[in-house]
Amino acid sequence: MKTARLSSDSGAVFVLVGEPGEDAFQLLSDFAKDNQLTAAQLTGVGAFRRATVGWFDRVAKDYRHIAVDQQCELLSLVGDIALADDGPQVHAHVVLGLPDGTTCGGHLLSGEVWPTVEVVIRETPAMLRKTSHPELGLALIDPDRTDA
């Protein structure tokens, strides 16, 4: 991964460029932890050799894994980073373009970069915190715990 930090009046802006073979979700998670990000927005484009997206099954309280076992275009990556009990947590949704022009989307669980992924991370001046909701099976951003 290559990175650059850009300046901004409201917080740092980072550009991450993933390299072939890297896992996009893992590199985002590692970057958030290494840089102690507590609130940020993510956007990105690129392509994967293969990927796994998730659809949240509210009955099972877990993600159903949807394997995309072919080259696909990362048409859109949007998400956020917020502080959970175990540190910064990436929450990213993707839309993937398939060779026949159809799309597949969901939560980004993994994506093997090929040839590149370009992500812009915009840090915000607040500290977003997540609260665990066992009844849902998820940790969600809690506005009552957010420090502005």
# chains A, B, ... in the order shown; residues from 1 in each chain; ligands from 1
>>> closest_atom_pairs(of="segment 6-76 of chain A", to="segment 127-143 of chain A", cutoff="6 Å", atoms="only C-alpha atoms", output="Markdown table")
| residue | atom | partner | partner_atom | distance |
| --- | --- | --- | --- | --- |
| A:Thr38 | CA | A:Met127 | CA | 5.1 |
| A:Ala39 | CA | A:Leu128 | CA | 5.2 |
| A:Lys61 | CA | A:Gly137 | CA | 4.7 |
>>> select_by_dssp(residues="chain A", states="alpha helix (DSSP H)", output="ChimeraX atom specification")
/A:24-34
>>> write_last_selection(atoms="C-alpha atoms", output="PDB file, in the first residue's frame")
ATOM      1  CA  ALA A  24      -8.590  -4.044   0.670  1.00  0.00           C
ATOM      2  CA  PHE A  25     -10.587  -4.453   3.878  1.00  0.00           C
ATOM      3  CA  GLN A  26      -7.513  -5.473   5.853  1.00  0.00           C
ATOM      4  CA  LEU A  27      -5.441  -2.558   4.574  1.00  0.00           C
ATOM      5  CA  LEU A  28      -8.234  -0.106   5.516  1.00  0.00           C
ATOM      6  CA  SER A  29      -8.546  -1.648   8.981  1.00  0.00           C
ATOM      7  CA  ASP A  30      -4.781  -1.651   9.550  1.00  0.00           C
ATOM      8  CA  PHE A  31      -4.496   1.954   8.348  1.00  0.00           C
ATOM      9  CA  ALA A  32      -7.290   3.086  10.692  1.00  0.00           C
ATOM     10  CA  LYS A  33      -5.608   1.378  13.666  1.00  0.00           C
ATOM     11  CA  ASP A  34      -2.075   2.475  12.803  1.00  0.00           C
TER      12      ASP A  34
END
>>> residues_around(residues="segment 16-19 of chain A", least_positions_apart="6", cutoff="10 Å", atoms="only C-alpha atoms", output="PyMOL selection string")
chain A and resi 1-5+27-28+31+44-47+112-121
>>> write_last_selection(atoms="C-alpha atoms", output="PDB file, in the first residue's frame")
ATOM      1  CA  MET A   1       0.000   0.000   0.000  1.00  0.00           C
ATOM      2  CA  LYS A   2       1.109   3.493  -0.787  1.00  0.00           C
ATOM      3  CA  THR A   3      -0.257   6.435   1.173  1.00  0.00           C
ATOM      4  CA  ALA A   4      -0.167  10.196   1.124  1.00  0.00           C
ATOM      5  CA  ARG A   5      -1.454  12.671   3.667  1.00  0.00           C
ATOM      6  CA  LEU A  27      -5.441  -2.558   4.574  1.00  0.00           C
ATOM      7  CA  LEU A  28      -8.234  -0.106   5.516  1.00  0.00           C
ATOM      8  CA  PHE A  31      -4.496   1.954   8.348  1.00  0.00           C
ATOM      9  CA  GLY A  44     -12.955   4.585  -3.290  1.00  0.00           C
ATOM     10  CA  VAL A  45     -12.734   2.947  -6.707  1.00  0.00           C
ATOM     11  CA  GLY A  46     -10.554   0.272  -8.289  1.00  0.00           C
ATOM     12  CA  ALA A  47     -10.762  -3.431  -9.059  1.00  0.00           C
ATOM     13  CA  GLU A 112      -8.023  -9.045  -3.342  1.00  0.00           C
ATOM     14  CA  VAL A 113      -6.710  -5.949  -5.082  1.00  0.00           C
ATOM     15  CA  TRP A 114      -5.969  -6.198  -8.797  1.00  0.00           C
ATOM     16  CA  PRO A 115      -4.591  -4.052 -10.261  1.00  0.00           C
ATOM     17  CA  THR A 116      -5.292  -1.235  -7.779  1.00  0.00           C
ATOM     18  CA  VAL A 117      -7.691   0.290  -5.290  1.00  0.00           C
ATOM     19  CA  GLU A 118      -7.721   4.025  -4.643  1.00  0.00           C
ATOM     20  CA  VAL A 119      -9.353   5.182  -1.412  1.00  0.00           C
ATOM     21  CA  VAL A 120      -9.738   8.676   0.003  1.00  0.00           C
ATOM     22  CA  ILE A 121     -10.156   8.883   3.784  1.00  0.00           C
TER      23      ILE A 121
END
>>> atom_distance(atom1="atom CA of Asp80 of chain A", atom2="atom CA of Leu42 of chain A")
5.5 Å
>>> atom_distance(atom1="atom CA of Val15 of chain A", atom2="atom CA of Asn35 of chain A")
13.0 Å
>>> residues_around(residues="segment 87-96 of chain A", least_positions_apart="5", cutoff="7 Å", atoms="only C-alpha atoms", output="number ranges by chain")
A: 29, 32-33, 36-38, 72-82, 103-108
>>> select_by_dssp(residues="chain A", states="strand (DSSP E)", output="ChimeraX atom specification")
/A:2-6,13-18,39-57,62-68,72-84,87-97,103-123,130-133,138-141
>>> closest_residue(among="A:Asp62, A:Asp100, A:Glu123, A:Asp57", to="Ala40 of chain A", atoms="only C-alpha atoms")
A:Glu123
>>> atom_distance(atom1="atom CA of Pro20 of chain A", atom2="atom CA of Arg50 of chain A")
11.3 Å
>>> closest_residue(among="A:Arg145, A:Gly111, A:Arg122, A:Gly101", to="Val53 of chain A", atoms="only C-alpha atoms")
A:Gly111
